[in-house]
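Data block below; observations after.
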Amino acid sequence: MHTKLILIVEDNEELLCSLERHLSEHGFRTISASDGFKGFKRFQTEKPDLVVLDHGPPRVNGYQLLEKIRHFGDTPVIMATTWNSHDDELRCRHLGADDYLPKPIHNAVLTERVKSLLRRGEDRCANRPIHYRKLTIDPDEYTAFVDGPLGAIELKLTNSELKLLAHMARCPGQVFERADLIYACFPDSNMLLRTIDNHVSNLRRKLAGAGIDGYLETVRGVGYRMRNLNTNPMAA
């Protein structure tokens, strides 16, 4: 079953192991990096749901990494620092950190902060319009449009198709297993895995009919993803 993915960027191996163990015990998946350069690479390739970021990892420090992350959107970031001062917290907030924790970190406190931020993000983003290349999806209005040469083209989607398209469009490039899509979009249903294949096939046909073929990609043996056609605005 799908669980949220947490990236921890921390050069203290003992603390890193402790945080990973505690978060795993509470149902989260974790990935880690011991310096900011590797952390940014993992952020780009694995697209975590939340980042726990030490202020001073080697090569790229926490503040620099936070700025890079903010160029890619609003992934929640918790900044951890040994500098327990009001000015330091203000700096973290100014650069876009969602939360701030002084070290030493209490595992239980971190876990509750992680849960709170993820809930807040889900509430905020659930019905916000999604804009991706020529595609605009409004989950609240159950509408989807393609920016065509003569104006907006409305996609005639079923509610199920729109939920799937919106979920994948929120995270271009992220691979979703069929079971993950069912859990995220249809949590109370008994939908079969092959039903997802049928919905994706219909979505491909409708997108192609509106002039944007190739947006949905099959990852053989795994699932589906919205192909990431954007150019990275930042180099590592």
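Starting from 1 in every chain, residues are counted up; chains themselves are A, B, ... following the order of the structure tokens, and ligands are numbered from 1 as listed.
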message: So that I can check the secondary structure, give me every residue of region 54-150 of chain A assigned strand (DSSP E) by backbone DSSP, as a PyMOL selection string.
response: chain A and resi 54+77-81+99-102+130-132+135-138+143-148
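The residue that comes closest to Val114 (chain A), out of A:Thr136, A:Thr45, A:Gln64, A:Thr75 and on the basis of only C-alpha atoms, is A:Thr75.
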Polymer residues at most 12 Å from Val51 (chain A), only C-alpha atoms, same-chain spacing of 2 or more positions, as a ChimeraX atom specification: /A:4-10,29-33,36,39-40,42-44,46-49,53-54,62,65-66,69-70,74-80,97-100,110,113-114,117-118
message: Need the shell around region 193-200 of chain A: protein/DNA/RNA residues with any atom at most 12 Å away, counting only C-alpha atoms. Skip same-chain ones fewer than 4 positions apart. Format as a ChimeraX atom specification?
response: /A:157-165,168,176-183,185-186,189,204-207,214-218,222-226
- prompt: If you measure from CA of Ala184 (chain A) to CA of His167 (chain A), what distance in Å do you get, rounded to one decimal?
  reply: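 Separating CA of Ala184 (chain A) from CA of His167 (chain A) is a distance of 8.0 Å.
Across A:Asn12, A:Gln174, A:Asn61, A:Asn107, the tightest approach to Phe37 (chain A) is made by A:Asn61 when counting only C-alpha atoms.
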field: Shortest interatomic distance to Arg120 (chain A) - which of A:His22, A:Leu50, A:Thr81, A:Met191, counting only C-alpha atoms
entry: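 Closest to Arg120 (chain A), using only C-alpha atoms: A:Leu50.
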Separation of CA of Pro139 (chain A) from CA of Leu155 (chain A), in Å and rounded to one decimal: 12.9 Å
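Taking the backbone of this structure through DSSP, the residues of region 85-131 of chain A that come out as helix (DSSP H, G or I) are His86, Asp87, Asp88, Glu89, Leu90, Arg91, Cys92, Arg93, His94, Leu95, Asn107, Ala108, Val109, Leu110, Thr111, Glu112, Arg113, Val114, Lys115, Ser116, Leu117, Leu118, Arg119, Arg120, Gly121, Glu122, Asp123, Arg124 and Cys125 of chain A.
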query: Which residue out of A:Pro149, A:Gly209, A:Pro102, A:Pro172 has the minimum interatomic distance to Gly73 (chain A) when only C-alpha atoms are used?
result: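 Checking each of A:Pro149, A:Gly209, A:Pro102, A:Pro172 against Gly73 (chain A), counting only C-alpha atoms, the winner is A:Pro172.
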query: Near Arg128 (chain A), counting only C-alpha atoms, which residues have an atom at most 9 Å away, once you skip same-chain residues fewer than 5 positions from it, shown as a list in words?
result: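 Result of the neighbour search: Ile137, Asp138, Pro139 and Asp140 of chain A.
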statement: Min atom-atom distance to Ala108 (chain A) from the set A:Leu192, A:Glu14, A:Asn228, A:Leu19, counting only C-alpha atoms, belongs to A:Leu19
